[in-house]
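Below is run_2.tsv, which holds TSV, C-alpha atoms.
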```
chain	number	residue	atom	x	y	z
A	1005	MET	CA	0.00	0.00	0.00
A	1006	SER	CA	1.41	3.43	-0.92
A	1007	SER	CA	2.38	5.91	1.78
A	1008	ARG	CA	-0.27	8.34	0.44
A	1009	LYS	CA	-3.06	5.82	1.01
A	1010	ILE	CA	-1.68	5.04	4.48
A	1011	ASP	CA	-1.61	8.77	5.35
A	1012	LYS	CA	-5.16	9.19	4.06
A	1013	ALA	CA	-6.35	6.27	6.15
A	1014	LYS	CA	-4.67	7.75	9.23
A	1015	TYR	CA	-5.49	11.42	8.83
A	1016	GLY	CA	-8.48	11.53	6.47
A	1017	PRO	CA	-8.80	13.54	3.21
A	1018	GLY	CA	-6.34	16.32	2.49
A	1019	LEU	CA	-7.09	20.06	2.49
A	1020	GLY	CA	-7.44	20.13	-1.31
A	1021	GLU	CA	-9.96	17.31	-1.29
A	1022	VAL	CA	-11.97	19.02	1.45
A	1023	VAL	CA	-12.01	22.31	-0.49
A	1024	LEU	CA	-12.99	20.55	-3.73
A	1025	GLY	CA	-15.78	18.65	-2.00
A	1026	ALA	CA	-17.10	21.82	-0.39
A	1027	ALA	CA	-16.99	23.66	-3.72
A	1028	LEU	CA	-18.89	20.89	-5.51
A	1029	SER	CA	-21.49	20.85	-2.73
A	1030	LEU	CA	-21.96	24.60	-3.07
A	1031	VAL	CA	-22.31	24.40	-6.86
A	1032	LEU	CA	-24.79	21.54	-6.61
A	1033	GLY	CA	-26.75	23.33	-3.90
A	1034	ALA	CA	-26.82	26.58	-5.89
A	1035	GLY	CA	-27.97	24.71	-9.01
A	1036	LEU	CA	-30.79	22.99	-7.15
A	1037	ALA	CA	-31.85	26.27	-5.52
A	1038	ALA	CA	-31.87	28.03	-8.92
A	1039	ALA	CA	-33.91	25.22	-10.49
A	1040	TYR	CA	-36.41	25.41	-7.63
A	1041	LEU	CA	-36.87	29.18	-8.08
A	1042	VAL	CA	-37.22	28.88	-11.85
A	1043	ALA	CA	-39.93	26.26	-11.41
A	1044	GLN	CA	-41.93	28.34	-8.93
A	1045	PRO	CA	-45.18	29.66	-10.47
A	1046	VAL	CA	-45.51	33.37	-11.24
A	1047	GLN	CA	-48.95	34.91	-10.76
A	1048	ILE	CA	-50.36	36.84	-13.75
A	1049	VAL	CA	-52.38	39.77	-12.40
A	1050	LYS	CA	-53.86	43.08	-13.52
A	1051	GLU	CA	-52.42	44.90	-10.51
A	1052	PRO	CA	-50.15	43.57	-7.73
A	1053	PRO	CA	-51.65	43.36	-4.23
A	1054	LYS	CA	-50.92	46.23	-1.86
A	1055	SER	CA	-49.34	43.87	0.66
A	1056	PRO	CA	-47.80	40.99	-1.33
A	1057	PRO	CA	-46.49	37.98	0.60
A	1058	ALA	CA	-42.73	37.71	0.96
A	1059	GLY	CA	-41.09	36.14	-2.08
A	1060	ALA	CA	-44.17	36.35	-4.32
A	1061	ILE	CA	-43.46	37.32	-7.95
A	1062	TYR	CA	-46.14	38.82	-10.19
A	1063	TYR	CA	-46.37	39.46	-13.91
A	1064	ILE	CA	-48.48	42.23	-15.46
A	1065	GLU	CA	-48.79	42.22	-19.24
A	1066	GLY	CA	-48.65	45.41	-21.27
A	1067	GLY	CA	-51.66	46.67	-23.21
A	1068	ARG	CA	-52.66	45.33	-26.60
A	1069	ASN	CA	-55.49	47.78	-27.29
A	1070	ALA	CA	-55.93	47.97	-31.08
A	1071	ASP	CA	-57.33	51.52	-31.02
A	1072	ARG	CA	-54.50	52.86	-28.86
A	1073	GLY	CA	-51.91	51.07	-30.99
A	1074	LYS	CA	-53.20	51.86	-34.46
A	1075	GLN	CA	-50.70	54.70	-35.05
A	1076	TRP	CA	-47.70	52.39	-34.85
A	1077	LEU	CA	-47.34	51.99	-38.62
A	1078	ARG	CA	-47.38	55.75	-39.21
A	1079	LYS	CA	-44.85	56.30	-36.41
A	1080	LYS	CA	-42.63	53.58	-37.83
A	1081	GLN	CA	-42.63	55.40	-41.17
A	1082	LEU	CA	-41.77	58.71	-39.49
A	1083	PHE	CA	-38.98	57.09	-37.49
A	1084	THR	CA	-37.34	55.36	-40.45
A	1085	GLU	CA	-37.56	58.63	-42.42
A	1086	GLY	CA	-35.60	60.49	-39.73
A	1087	SER	CA	-38.19	61.94	-37.35
A	1088	SER	CA	-38.31	61.56	-33.56
A	1089	VAL	CA	-41.34	59.64	-32.25
A	1090	GLU	CA	-43.08	58.79	-29.00
A	1091	LEU	CA	-44.57	55.32	-28.54
A	1092	ASN	CA	-46.95	53.88	-25.99
A	1093	GLU	CA	-46.98	50.21	-24.96
A	1094	ASN	CA	-49.95	49.41	-27.22
A	1095	GLU	CA	-48.03	50.67	-30.25
A	1096	LEU	CA	-44.94	48.69	-29.26
A	1097	ASN	CA	-47.01	45.51	-28.89
A	1098	ALA	CA	-48.78	46.14	-32.20
A	1099	TRP	CA	-45.38	46.49	-33.87
A	1100	ILE	CA	-43.98	43.32	-32.31
A	1101	SER	CA	-47.10	41.33	-33.18
A	1102	ALA	CA	-46.98	42.49	-36.80
A	1103	GLY	CA	-43.27	41.72	-37.00
A	1104	THR	CA	-43.76	38.09	-35.95
A	1105	ALA	CA	-46.88	37.42	-38.02
A	1106	ALA	CA	-46.74	35.51	-41.27
A	1107	PRO	CA	-46.40	37.84	-44.29
A	1108	ALA	CA	-49.57	38.54	-46.23
A	1109	PRO	CA	-49.79	36.98	-49.73
A	1110	ALA	CA	-49.19	39.22	-52.73
A	1111	PRO	CA	-52.26	40.40	-54.67
A	1112	GLY	CA	-53.67	37.57	-56.77
A	1113	GLN	CA	-51.84	34.89	-54.81
A	1114	LYS	CA	-53.39	32.37	-52.49
A	1115	SER	CA	-52.34	32.15	-48.87
A	1116	ALA	CA	-49.73	29.50	-48.26
A	1117	PRO	CA	-50.97	26.53	-46.27
A	1118	VAL	CA	-50.17	26.77	-42.58
A	1119	ALA	CA	-47.68	24.09	-41.62
A	1120	PRO	CA	-48.13	22.35	-38.30
A	1121	PRO	CA	-45.82	23.66	-35.60
A	1122	SER	CA	-42.58	21.76	-35.29
A	1123	PRO	CA	-41.82	20.08	-32.00
A	1124	ALA	CA	-40.26	22.44	-29.50
A	1125	SER	CA	-36.54	22.06	-29.07
A	1126	GLY	CA	-34.10	23.49	-26.60
A	1127	MET	CA	-34.38	24.09	-22.90
A	1128	LEU	CA	-36.19	27.43	-23.16
A	1129	GLN	CA	-38.87	28.22	-25.75
A	1130	MET	CA	-40.36	31.71	-25.59
A	1131	ASP	CA	-43.47	33.29	-27.10
A	1132	VAL	CA	-43.64	36.76	-28.66
A	1133	PRO	CA	-42.29	39.44	-26.26
A	1134	ASN	CA	-44.70	41.82	-24.54
A	1135	PHE	CA	-43.92	45.44	-23.62
A	1136	ARG	CA	-45.27	47.39	-20.66
A	1137	ILE	CA	-44.35	50.98	-19.76
A	1138	ARG	CA	-45.11	52.41	-16.32
A	1139	ASP	CA	-43.65	55.31	-14.37
A	1140	GLY	CA	-40.51	55.70	-16.47
A	1141	VAL	CA	-39.68	51.98	-16.61
A	1142	LEU	CA	-39.96	49.56	-19.54
A	1143	GLN	CA	-40.84	45.94	-18.87
A	1144	ILE	CA	-40.09	43.26	-21.47
A	1145	GLY	CA	-41.79	39.98	-20.66
A	1146	ALA	CA	-42.70	36.73	-22.36
A	1147	LYS	CA	-44.50	33.51	-21.62
A	1148	GLY	CA	-42.78	30.33	-22.58
A	1149	THR	CA	-41.96	26.74	-21.72
A	1150	LEU	CA	-39.16	25.25	-19.68
A	1151	ASN	CA	-38.23	21.93	-21.27
A	1152	LEU	CA	-35.83	19.69	-19.36
A	1153	GLU	CA	-36.20	16.43	-21.25
A	1154	LEU	CA	-33.40	14.79	-19.28
A	1155	PHE	CA	-35.46	15.07	-16.09
A	1156	GLY	CA	-38.88	14.68	-17.72
A	1157	ILE	CA	-39.82	18.27	-16.83
A	1158	LYS	CA	-41.89	20.47	-19.11
A	1159	ARG	CA	-43.81	23.35	-17.60
A	1160	PRO	CA	-44.96	26.93	-18.32
A	1161	LEU	CA	-42.49	29.70	-17.60
A	1162	ILE	CA	-42.58	33.50	-17.46
A	1163	VAL	CA	-39.53	35.68	-18.11
A	1164	GLN	CA	-39.66	39.40	-17.29
A	1165	ALA	CA	-37.11	42.20	-17.20
A	1166	SER	CA	-37.61	45.83	-16.14
A	1167	GLY	CA	-35.22	48.67	-16.79
A	1168	LYS	CA	-34.19	51.55	-19.04
A	1169	PHE	CA	-31.99	52.24	-22.06
A	1170	VAL	CA	-28.33	53.20	-21.83
A	1171	LYS	CA	-25.79	54.26	-24.42
A	1172	GLY	CA	-23.60	51.37	-25.54
A	1173	GLY	CA	-20.82	50.90	-28.06
A	1174	ASP	CA	-23.27	50.05	-30.87
A	1175	GLY	CA	-26.03	52.44	-29.84
A	1176	PHE	CA	-28.67	52.31	-27.15
A	1177	ILE	CA	-29.26	49.01	-25.39
A	1178	PHE	CA	-31.81	47.88	-22.84
A	1179	GLU	CA	-30.32	47.52	-19.36
A	1180	PRO	CA	-32.55	45.68	-16.88
A	1181	SER	CA	-32.44	46.56	-13.21
A	1182	ARG	CA	-34.74	43.65	-12.32
A	1183	PHE	CA	-34.81	40.37	-14.24
A	1184	TYR	CA	-36.72	37.23	-13.32
A	1185	VAL	CA	-36.88	33.79	-14.90
A	1186	GLY	CA	-39.81	32.31	-13.04
A	1187	SER	CA	-39.01	33.41	-9.48
A	1188	LEU	CA	-35.24	33.33	-10.00
A	1189	PRO	CA	-33.73	36.87	-9.75
A	1190	LEU	CA	-31.21	36.86	-12.60
A	1191	HIS	CA	-30.25	40.49	-11.92
A	1192	ARG	CA	-28.20	39.07	-9.04
A	1193	LEU	CA	-26.18	36.95	-11.48
A	1194	PRO	CA	-24.15	39.34	-13.71
A	1195	GLY	CA	-23.85	38.25	-17.34
A	1196	VAL	CA	-26.46	35.49	-17.20
A	1197	GLY	CA	-29.42	37.82	-17.70
A	1198	GLU	CA	-28.09	39.09	-21.04
A	1199	ILE	CA	-28.06	35.56	-22.47
A	1200	VAL	CA	-31.66	34.91	-21.42
A	1201	LEU	CA	-32.84	38.34	-22.60
A	1202	ASN	CA	-31.36	37.70	-26.05
A	1203	ARG	CA	-33.27	34.42	-26.11
A	1204	VAL	CA	-36.52	36.25	-25.33
A	1205	LEU	CA	-35.94	38.95	-27.96
A	1206	ALA	CA	-35.03	36.38	-30.61
A	1207	LYS	CA	-38.75	36.22	-31.43
A	1208	ALA	CA	-38.73	39.92	-32.30
A	1209	GLN	CA	-37.87	40.34	-35.96
A	1210	VAL	CA	-36.42	43.83	-36.33
A	1211	PRO	CA	-36.70	45.12	-39.92
A	1212	GLU	CA	-33.53	46.47	-41.47
A	1213	ASP	CA	-34.88	50.03	-41.83
A	1214	ILE	CA	-35.68	50.21	-38.10
A	1215	ALA	CA	-32.27	48.78	-37.18
A	1216	VAL	CA	-30.56	51.44	-39.31
A	1217	ALA	CA	-32.62	54.26	-37.78
A	1218	TRP	CA	-31.99	52.92	-34.26
A	1219	LYS	CA	-28.22	53.26	-34.68
A	1220	LYS	CA	-28.70	56.97	-35.47
A	1221	LEU	CA	-30.59	57.74	-32.23
A	1222	ALA	CA	-29.41	60.71	-30.19
A	1223	ASP	CA	-31.38	59.67	-27.11
A	1224	VAL	CA	-33.83	57.06	-25.81
A	1225	THR	CA	-35.85	58.01	-22.76
A	1226	ILE	CA	-38.89	56.70	-20.93
A	1227	VAL	CA	-41.11	59.47	-19.65
A	1228	GLY	CA	-44.14	58.37	-17.67
A	1229	ASN	CA	-45.82	55.72	-19.83
A	1230	THR	CA	-44.14	56.71	-23.11
A	1231	LEU	CA	-40.97	55.64	-24.92
A	1232	LYS	CA	-39.32	58.60	-26.66
A	1233	LEU	CA	-36.96	57.94	-29.57
A	1234	SER	CA	-35.04	61.12	-30.38
A	1235	LEU	CA	-33.16	61.46	-33.66
A	1236	PRO	CA	-30.70	64.31	-34.35
```

Could you write out this structure as structure tokens?
Amino acid sequence: MSSRKIDKAKYGPGLGEVVLGAALSLVLGAGLAAAYLVAQPVQIVKEPPKSPPAGAIYYIEGGRNADRGKQWLRKKQLFTEGSSVELNENELNAWISAGTAAPAPAPGQKSAPVAPPSPASGMLQMDVPNFRIRDGVLQIGAKGTLNLELFGIKRPLIVQASGKFVKGGDGFIFEPSRFYVGSLPLHRLPGVGEIVLNRVLAKAQVPEDIAVAWKKLADVTIVGNTLKLSLP
């Protein structure tokens, strides 16, 4: 028997083994805690209660009023032509819904047959994003599905981020101050939230003309319940 095995039998595991074991226990514990919070249900409400219970997470969807959002197409034209615009949440949601809808057939052509949806793949599948603006803060949220085939888990999930726009290297970017996946507060995990937010926004198809105009913005502000896009 080697002297190392004899020493281990006499004195137990070494300091390195103890540290490694503790680290693995912490990682496993953190992973299980994160999975538990992600799986916790989020309540969809019109308004949060005045005295919510500790740890309760709520989700309030932004408006989809057709009458209040009917000016979105005109404002999109103004914006892409170089004019500053102000948008409410109904207009933002009308834009995002139109951007993810199937294109209309050309005059004289029949509508293409609707193909059945393909089976969902990946761990996180998200629906079309929803925008809500309140008191100078923009919320981007989406309903989706958490799919962990390895563990036989498939359940509804809500992702929501609230924040403002800041100037970045490639223009203005959304910077969340609060970010939840289920009941898991991702804003406490730097860097992780950006990955999930990109996954949520992947459903939003940004036309090239809007992307070009966005890079020219002089300022992006949220005033009250309105998003203001200011061009030079």

Using all atoms of segment 1224-1234 of chain A listed in the file and a margin of 3 Å per side, can you give the axis-aligned box centre and edge lengths in Å to one decimal, as AutoDock Vina command-line options?
```
--center_x -39.8 --center_y 58.4 --center_z -24.0 --size_x 18.0 --size_y 11.5 --size_z 18.7
```

Two-atom distance - atom CA of Gly1066 of chain A, atom CA of Lys1168 of chain A (Å)
15.9 Å

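Interatomic distance, atom CA of Phe1176 of chain A against atom CA of Asn1069 of chain A: 27.2 Å.
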
For Glu1065 of chain A, which residue out of A:Pro1236, A:Gly1086, A:Pro1133, A:Gly1167 is the nearest one, using all atoms listed in the file?
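Going through A:Pro1236, A:Gly1086, A:Pro1133, A:Gly1167 one by one, the smallest distance to Glu1065 of chain A is for A:Pro1133.
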
Atom pair atom CA of Tyr1063 of chain A / atom CA of Ile1048 of chain A: separation (Å):
4.8 Å

Between A:Ala1070, A:Ser1087, A:Ile1064, A:Ala1215, which is the closest to Asp1174 of chain A once you count all atoms listed in the file?
A:Ala1215

Which residue out of A:His1191, A:Arg1182, A:Arg1159, A:Lys1232 has the minimum interatomic distance to Leu1096 of chain A when all atoms listed in the file are used?
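Selected residue with least distance to Leu1096 of chain A: A:Lys1232.
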
Measuring atom to atom with all atoms listed in the file, identify which of A:Ala1217, A:Val1132, A:Ile1137, A:Ala1206 is nearest to Trp1099 of chain A.
A:Val1132

Test item: residues at most 8 Å from Leu1161 of chain A, all atoms listed in the file, excluding those fewer than 3 positions along its chain, as a PyMOL selection string
chain A and resi 1042-1043+1045-1046+1147-1150+1185-1186

Keeping C-alpha atoms for every residue in the selection just given, could you write it to a file as a PDB file, in the frame of the given file?
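Output contents, as saved in again.pdb:
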```pdb
ATOM      1  CA  VAL A1042     -37.220  28.880 -11.850  1.00  0.00           C
ATOM      2  CA  ALA A1043     -39.930  26.260 -11.410  1.00  0.00           C
ATOM      3  CA  PRO A1045     -45.180  29.660 -10.470  1.00  0.00           C
ATOM      4  CA  VAL A1046     -45.510  33.370 -11.240  1.00  0.00           C
ATOM      5  CA  LYS A1147     -44.500  33.510 -21.620  1.00  0.00           C
ATOM      6  CA  GLY A1148     -42.780  30.330 -22.580  1.00  0.00           C
ATOM      7  CA  THR A1149     -41.960  26.740 -21.720  1.00  0.00           C
ATOM      8  CA  LEU A1150     -39.160  25.250 -19.680  1.00  0.00           C
ATOM      9  CA  VAL A1185     -36.880  33.790 -14.900  1.00  0.00           C
ATOM     10  CA  GLY A1186     -39.810  32.310 -13.040  1.00  0.00           C
TER      11      GLY A1186
END
```

Which residues come within 10 Å of Tyr1062 of chain A, counting only C-alpha atoms, excluding same-chain residues fewer than 4 positions away, as a PyMOL selection string?
chain A and resi 1045-1053+1056+1162+1164+1186-1187

Using only C-alpha atoms, which of A:Ile1144, A:Ala1222, A:Leu1082, A:Leu1188 sits nearest Gln1044 of chain A?
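Once distances to Gln1044 of chain A are computed over only C-alpha atoms, the minimum belongs to A:Leu1188.
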
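Considering the residues A:Val1089, A:Ile1061, A:Ile1100, A:Leu1128 and counting all atoms listed in the file, Gln1209 of chain A has its shortest atom-to-atom contact with A:Ile1100.
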
As a ChimeraX atom specification, please: the residues near Tyr1184 of chain A (cut-off 6 Å, only C-alpha atoms, same-chain neighbours under 5 positions excluded).
/A:1163-1164,1189-1190

Got a sec: who's within 12 Å of Lys1219 of chain A, counting only C-alpha atoms, leaving out chain neighbours fewer than 6 positions off, as a JSON list (two decimals) with C-alpha atoms, in the frame of the given file?
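File written: around_23.json
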```
[["chain", "number", "residue", "atom", "x", "y", "z"],
["A", 1083, "PHE", "CA", -38.98, 57.09, -37.49],
["A", 1084, "THR", "CA", -37.34, 55.36, -40.45],
["A", 1086, "GLY", "CA", -35.60, 60.49, -39.73],
["A", 1171, "LYS", "CA", -25.79, 54.26, -24.42],
["A", 1172, "GLY", "CA", -23.60, 51.37, -25.54],
["A", 1173, "GLY", "CA", -20.82, 50.90, -28.06],
["A", 1174, "ASP", "CA", -23.27, 50.05, -30.87],
["A", 1175, "GLY", "CA", -26.03, 52.44, -29.84],
["A", 1176, "PHE", "CA", -28.67, 52.31, -27.15],
["A", 1177, "ILE", "CA", -29.26, 49.01, -25.39],
["A", 1212, "GLU", "CA", -33.53, 46.47, -41.47],
["A", 1213, "ASP", "CA", -34.88, 50.03, -41.83],
["A", 1233, "LEU", "CA", -36.96, 57.94, -29.57],
["A", 1234, "SER", "CA", -35.04, 61.12, -30.38],
["A", 1235, "LEU", "CA", -33.16, 61.46, -33.66],
["A", 1236, "PRO", "CA", -30.70, 64.31, -34.35]]
```
